[in-house]
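The structure appears below as structure tokens.
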Amino acid sequence: ARFVALGGAMGALGGDFSAAGINPAGIGVYRKSEINVGIGLNQIKTLSTLDGKIVEDRSFAANIENFGLIIQFPESNSKWRGGAFGFGYNRLNNYSSSYEIQGRSDGTSLLDDYTNDINQLTANNPETIYDAFPFDAALAYDTWLINPLPEDSTLFNHVVQDHSNILQKESIRRSGGLGEYTFNLGGNYKDKLYLGIAMGIPIVRYQESTTYTEQSLDDEPANDFDQYKMTNSLTAT
């Protein structure tokens with residue numbers, strides 16, 4: 001937790017494992033072996049505004065910010081006054097966050113864009129729709145949100161008729177972080193010269209889930225449309 005609290009600005013500090021990846025010579029200060037674990041508590045608050053409406057979102061998480069094992073070498077009769085080997089992990093960045101935006105439609109729908117994309121195809125049959133827009137308009141077509149017109153099967157329209165009475169909402173959830181496993185070796189020569197070497201292995205994990213919703217506010221919506229949701233998920237390691 002100390003490493004995160006100080007923004008990693010601990011390079012000149014010896015005898016603290018959280019700085020060993022930046023200044024491995026600092027573990028030469030150790031006079032005994034040590035095991036340490038740091039736990040961080042993160043509370044995130046976000047405020048989102050759309051058309052004057054404020055939506056507040058809070059999240060709370062506990063994470064292991066760092067852990068380390070220091071094995072101290074016993075002092076000898078030589079001028080080398082001990083040393084140490086260290087292994088551990090430091091969390092460098094926390095990607096966790098969440099927020100939500102919602103408001104009444106200004107007369108548009110996301111399905112407008114999807115419908116326009118399909119109508120601009122030179123041959124808008126199911127095969128070309130799937131090939132051209134596999135992750136958006138084709139999904140809407142597959143779930144009967146977009147359909148061909150009864151009078152002209154080459155043109156399409158969607159089920160949202162009263163654009164002004166639609167609640168639009170988007171929520172985004174992010175998690176993960178950037179961390180580093182470190183291996184360190186440090187020595188102490190006559191309490192005047194400290195030498196060290198370090199190897200770091202970065203670990204990245206990022207997850208994001210985005211959910212977009214359009215919901216009819218009509219008591220008796222046209223086309224029996226109530227709501228639809230579209231969720232996108234992203235994972236990177």
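Chain labels follow the order of the structure tokens: the first chain is A, the next B, and so on; residue numbering restarts at 1 in every chain, and ligands are counted from 1 in their shown order.
The neighbours of Lys169 (chain A) here are the residues that come within 9 Å of it, using only C-alpha atoms and leaving out any residue fewer than 4 positions away in the same chain; they are Glu100, Ile101, Gln102, Gly103, Arg104, Thr211, Tyr212, Thr213, Glu214 and Gln215 of chain A.
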Just write the chosen residues, N, CA and C atoms, as a PDB file, in the first residue's frame.
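Written out: result_9.pdb:
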ATOM      1  N   GLU A 100     -22.362   5.188 -14.861  1.00  0.00           N
ATOM      2  CA  GLU A 100     -23.613   4.985 -15.582  1.00  0.00           C
ATOM      3  C   GLU A 100     -24.141   6.323 -16.063  1.00  0.00           C
ATOM      4  N   ILE A 101     -24.658   6.338 -17.277  1.00  0.00           N
ATOM      5  CA  ILE A 101     -25.258   7.536 -17.867  1.00  0.00           C
ATOM      6  C   ILE A 101     -26.649   7.158 -18.350  1.00  0.00           C
ATOM      7  N   GLN A 102     -27.643   7.986 -18.052  1.00  0.00           N
ATOM      8  CA  GLN A 102     -28.988   7.709 -18.548  1.00  0.00           C
ATOM      9  C   GLN A 102     -29.773   9.003 -18.731  1.00  0.00           C
ATOM     10  N   GLY A 103     -30.744   8.933 -19.630  1.00  0.00           N
ATOM     11  CA  GLY A 103     -31.585  10.085 -19.898  1.00  0.00           C
ATOM     12  C   GLY A 103     -32.601   9.762 -20.983  1.00  0.00           C
ATOM     13  N   ARG A 104     -33.578  10.630 -21.128  1.00  0.00           N
ATOM     14  CA  ARG A 104     -34.604  10.450 -22.156  1.00  0.00           C
ATOM     15  C   ARG A 104     -34.015  10.780 -23.521  1.00  0.00           C
ATOM     16  N   THR A 211     -22.801  -2.037 -21.184  1.00  0.00           N
ATOM     17  CA  THR A 211     -24.188  -2.417 -21.465  1.00  0.00           C
ATOM     18  C   THR A 211     -24.974  -1.174 -21.849  1.00  0.00           C
ATOM     19  N   TYR A 212     -25.556  -1.217 -23.051  1.00  0.00           N
ATOM     20  CA  TYR A 212     -26.387  -0.105 -23.537  1.00  0.00           C
ATOM     21  C   TYR A 212     -27.836  -0.588 -23.592  1.00  0.00           C
ATOM     22  N   THR A 213     -28.746   0.235 -23.065  1.00  0.00           N
ATOM     23  CA  THR A 213     -30.159  -0.145 -22.996  1.00  0.00           C
ATOM     24  C   THR A 213     -31.031   0.967 -23.555  1.00  0.00           C
ATOM     25  N   GLU A 214     -32.045   0.583 -24.326  1.00  0.00           N
ATOM     26  CA  GLU A 214     -33.123   1.496 -24.721  1.00  0.00           C
ATOM     27  C   GLU A 214     -34.430   0.876 -24.262  1.00  0.00           C
ATOM     28  N   GLN A 215     -35.188   1.647 -23.490  1.00  0.00           N
ATOM     29  CA  GLN A 215     -36.424   1.133 -22.893  1.00  0.00           C
ATOM     30  C   GLN A 215     -37.577   2.082 -23.184  1.00  0.00           C
TER      31      GLN A 215
END
Which residues are close to Arg205 (chain A), i.e. within 10 Å by only C-alpha atoms, leaving aside same-chain residues fewer than 2 positions away? Reply as a list of chain:residue names. A:Asn94, A:Tyr95, A:Ser175, A:Gly176, A:Gly177, A:Leu178, A:Gly179, A:Ile203, A:Gln207, A:Thr235, A:Ala236, A:Thr237
I want to know what sits within 8 Å of region 59-64 of chain A, based on only C-alpha atoms, with residues of the same chain fewer than 3 positions away left out; could you give that as a PyMOL selection string? chain A and resi 37-45+67+91+97-98
Write out as number ranges by chain all residues of region 155-213 of chain A that DSSP puts in strand (DSSP E) for this structure's backbone. A: 155-158, 166-189, 193-213
What lies within 10 Å of region 126-133 of chain A using only C-alpha atoms, ignoring chain neighbours under 6 positions off, as a list in words?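 Neighbouring residues, sequence-local ones excluded: Tyr114, Asp117, Ile118, Asn119, Leu139, Ala140, Tyr141 and Asp142 of chain A.
Put simply, CA of Lys53 (chain A) is 26.8 Å away from CA of Val159 (chain A).
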Smallest atom-to-atom distance to Val160 (chain A): which of A:Ile71, A:Leu217, A:Met230, A:Ile197, using only C-alpha atoms?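 Nearest to Val160 (chain A): A:Leu217.
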Produce a table with one row for each residue of region 111-194 of chain A that has an atom at most 8 Å from any atom of region 19-25 of chain A, each row naming the nearest atom pair and its distance in Å at one decimal; use only C-alpha atoms; arrange rows by chain and rising residue number; format as a Markdown table.
| residue | atom | partner | partner_atom | distance |
| --- | --- | --- | --- | --- |
| A:Thr182 | CA | A:Gly21 | CA | 6.1 |
| A:Phe183 | CA | A:Gly21 | CA | 7.8 |
| A:Asn184 | CA | A:Pro24 | CA | 5.8 |
| A:Leu185 | CA | A:Pro24 | CA | 6.5 |
| A:Gly186 | CA | A:Ala25 | CA | 4.7 |
| A:Gly187 | CA | A:Ala25 | CA | 6.5 |
| A:Tyr194 | CA | A:Ala25 | CA | 5.3 |
